[in-house]
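Undergrad: Got a structure for you, written out below as structure tokens; questions coming shortly.
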Amino acid sequence: MLSYIASQAKYLNTVATVAFLTSCIQIALVPVCHGLQAQTSIKQSWISEVVSKSSKIRLRLVRREAPSSEAIAKMENNLEGISGNGYYVDVNVGTPPQKMQLLIDTGSANLAVACEPDKNVDHYFHRDKSSTFEDQETSIYVPYTEGEWSGQLGTDIVGITSAPNFTVTAYVSCITKSKDFYVNDADWQGILGLAYSKLSRPEPSYSPFWDSLREENPDLEDVFSIQLCGNSFVHTSENPLMDGSLILGGIDPSMTKSEILYTPIYKEWYYEVVLTDIGVGGDSLNLDCKEYNFDKTIVDSGTTSIRLPVKHYLRALEPATFVVSEAVPGEICVKFGFTPSTTGTVLGAVLMEAFYVVFDRSNSRVGFGQTTCPLPDPDHPVLSRTISGPSVSDKNIKDCAYKKSETAHQAFLVATYIMAAVCIVIILPIVFIFFSWSHRVSRRNKGYQQSFAE
């Protein structure tokens, strides 16, 4: 799911105002085994992972390493970005390779590159100059929460430049038309979707890049991990760049200061997880946990902020206090990273920047560990981060997960069939009467014509 706070990019350049959140927000997730709690605060966000006594989930707990220490070293710090515009990785596409910068997005599944000039991109992929590009003669259209694009589907050789052994023939979507998709001065020209194939467009049978990579590299573990370090820098117009790491095929132990604590993936399309509680300043909002997950809760690197359903967003703001003032040169700016949502809860990049996040697809879980990214001011109370435990909860994933009512769905189908039957019963007699009348009129006119001829 692609979503940005466009105003943040503008804010970065103008540095006109600054907002501080004095109340911390806690987000609790259903855990996988063990009574451990992960808690952190980065800028203004905290996250907690709490065990469920009644959970029946049992997963094989295996700590995997990346293919080799040398491979890890090459993939470290392979992400860059600008505050509010997302993180991108260098990708080679075609033969000979054309280097593109692609936004990493765990909220979508398509690999897409600009194939036509656009005012917001400094270069684009030339399909006609790649000897290995094959047009699939298939149109494609992909909408996001904000923005959309359309184009033609093809295949070509794709490789991550920081992981030279990971090259694959993959589906490449050529973007020929877009609306509110590219971000001005973002320095990326496409998107690398890392979600499950159920989100792949135009249909799930078109394998995403990660699936294709694993098909051609069967020994590659079905796990990747992300460390986003945008919070490690004082963002100014002179030094706006962020950095991070995308580790393919494993976990880099040097990127976490703590044990990695996991929460199960509830549904494999987005990386959908389940929240059990949301609190402000240590006090729960005391809402039905199903409401937190309506209609889903996802971990999405392509969304800048933490997006909360409107009701919970407003409740979370009630006890908060804000101070808005003119920015002082040299001081740290902490931006408000929460926005209201009408499409469910999104744990976006502002939260991921507090963690080393592991997407362990082989065990259907997402893990969070305390990041090793440095802070510009380690003693700042809002920027501090900790992980602690244990903690116990009696909430079950089934109690909190949003699930569309099967009864309601079946009732809708029955109603649809009944309406269709009623329409047929009403329309068929009308059609029969019409054709009977037309036939009689036709015979009558024919008789008149014969009489006139005689």
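By convention in this document, the chains of the structure tokens carry letters A, B, ... by their order, each chain's residues are numbered from 1, and ligands are numbered from 1 in the order they are shown.
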Within 10 Å of Asp185 in chain A, counting only C-alpha atoms, which residues show up once you throw out same-chain ones fewer than 5 positions away? Write them as a list in words, please.
TA: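 Once the adjacent positions are removed, what remains is Ala9, Ile82, Asn85, Lys119, Asn120, Val121 and Asp122 of chain A.
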Undergrad: Please produce an output containing N, CA and C atoms for each residue in the selection, written as a PDB file, in the first residue's frame.
TA:
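File part_12.pdb, as written:
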ATOM      1  N   ALA A   9       7.610  16.449   2.893  1.00  0.00           N
ATOM      2  CA  ALA A   9       8.693  16.816   1.990  1.00  0.00           C
ATOM      3  C   ALA A   9       8.800  18.342   1.908  1.00  0.00           C
ATOM      4  N   ILE A  82      14.432  10.099   1.414  1.00  0.00           N
ATOM      5  CA  ILE A  82      14.255  11.452   1.918  1.00  0.00           C
ATOM      6  C   ILE A  82      13.026  11.442   2.808  1.00  0.00           C
ATOM      7  N   ASN A  85       9.286  10.632   1.936  1.00  0.00           N
ATOM      8  CA  ASN A  85       9.190  10.140   0.563  1.00  0.00           C
ATOM      9  C   ASN A  85       9.503   8.659   0.422  1.00  0.00           C
ATOM     10  N   LYS A 119       7.704  14.291 -15.171  1.00  0.00           N
ATOM     11  CA  LYS A 119       8.349  15.461 -14.566  1.00  0.00           C
ATOM     12  C   LYS A 119       8.923  15.175 -13.188  1.00  0.00           C
ATOM     13  N   ASN A 120       8.450  14.097 -12.541  1.00  0.00           N
ATOM     14  CA  ASN A 120       8.911  13.780 -11.189  1.00  0.00           C
ATOM     15  C   ASN A 120       9.974  12.692 -11.149  1.00  0.00           C
ATOM     16  N   VAL A 121      10.453  12.218 -12.297  1.00  0.00           N
ATOM     17  CA  VAL A 121      11.530  11.228 -12.318  1.00  0.00           C
ATOM     18  C   VAL A 121      12.664  11.751 -13.197  1.00  0.00           C
ATOM     19  N   ASP A 122      13.900  11.465 -12.774  1.00  0.00           N
ATOM     20  CA  ASP A 122      15.050  11.985 -13.522  1.00  0.00           C
ATOM     21  C   ASP A 122      15.516  11.049 -14.620  1.00  0.00           C
TER      22      ASP A 122
END
Undergrad: Any idea what's packed within 9 Å of Asp135 in chain A, counting only C-alpha atoms, ignoring anything in its chain fewer than 3 positions away? Could you give it as a short mmCIF file (atom, residue, chain, number, x, y, z; two decimals) with C-alpha atoms, in the first residue's frame?
TA:
data_model
loop_
_atom_site.label_atom_id
_atom_site.label_comp_id
_atom_site.auth_asym_id
_atom_site.auth_seq_id
_atom_site.Cartn_x
_atom_site.Cartn_y
_atom_site.Cartn_z
CA THR A 138 -1.09 -7.48 -21.00
CA GLN A 152 2.09 -2.79 -19.82
CA LEU A 153 3.33 -6.02 -18.27
CA GLY A 154 6.57 -7.60 -19.41
CA THR A 155 9.41 -9.80 -18.17
#
Undergrad: With only C-alpha atoms as the atoms that count, which of A:Thr106, A:Thr161, A:Asn78, A:Thr132 lies nearest to Val91 in chain A?
TA: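 Of A:Thr106, A:Thr161, A:Asn78, A:Thr132, the one nearest Val91 in chain A, counting only C-alpha atoms, is A:Thr161.
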Undergrad: Applying 6 Å and only C-alpha atoms, which residues near range 349-355 of chain A remain after dropping the ones on its own chain fewer than 6 positions away? List them as a list in words.
TA: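 That gives Ile42, Leu228, Cys229, Ser301, Thr304, Ser305, Phe368, Gly369, Gln370 and Thr371 of chain A.
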Undergrad: Set the distance at 8 Å and use only C-alpha atoms: which residues neighbour range 129-131 of chain A once local chain neighbours fewer than 4 positions away are removed? I'd like the list as a PyMOL selection string.
TA: chain A and resi 94-97
Undergrad: With C-alpha atoms kept, could you save the residues just selected as an mmCIF file, in the first residue's frame?
TA:
data_model
loop_
_atom_site.group_PDB
_atom_site.id
_atom_site.type_symbol
_atom_site.label_atom_id
_atom_site.label_comp_id
_atom_site.auth_asym_id
_atom_site.auth_seq_id
_atom_site.Cartn_x
_atom_site.Cartn_y
_atom_site.Cartn_z
ATOM 1 C CA GLY A 94 17.381 -5.492 -18.350
ATOM 2 C CA THR A 95 20.365 -6.408 -20.548
ATOM 3 C CA PRO A 96 22.615 -4.506 -20.441
ATOM 4 C CA PRO A 97 21.500 -3.534 -16.920
#
Undergrad: For CA of Ser341 in chain A and CA of Leu308 in chain A, quote the distance in Å rounded to one decimal.
TA: 5.3 Å
Undergrad: Write down as a PyMOL selection string the residues of range 51-153 of chain A whose backbone DSSP state falls under strand (DSSP E or B).
TA: chain A and resi 51-52+65+79-82+87-93+98-105+111-114+134-143+148-153
Undergrad: Ranking A:Asp118, A:Glu221, A:Glu259, A:Asp180 by minimum distance to Thr145 in chain A and counting only C-alpha atoms, which one comes first?
TA: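 Distance minimum relative to Thr145 in chain A lands on A:Asp180.
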Undergrad: Any idea what the distance is between CA of Phe133 in chain A and CA of Val168 in chain A?
TA: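 Spanning CA of Phe133 in chain A to CA of Val168 in chain A is a straight-line distance of 12.6 Å.
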Undergrad: Can you work out the spacing between CA of Pro253 in chain A and CA of Gly337 in chain A in Å, to one decimal?
TA: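 Distance between the two atoms: 27.9 Å.
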Undergrad: What's around Gly367 in chain A at 9 Å? Count only C-alpha atoms, leave out sequence neighbours fewer than 6 positions away in its own chain, and write the answer as a list in words.
TA: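 Near Gly367 in chain A, the qualifying residues are Ser225, Ile260, Leu261, Tyr262, Thr263, Pro264, Tyr356, Val357, Val358, Phe359 and Asp360 of chain A.
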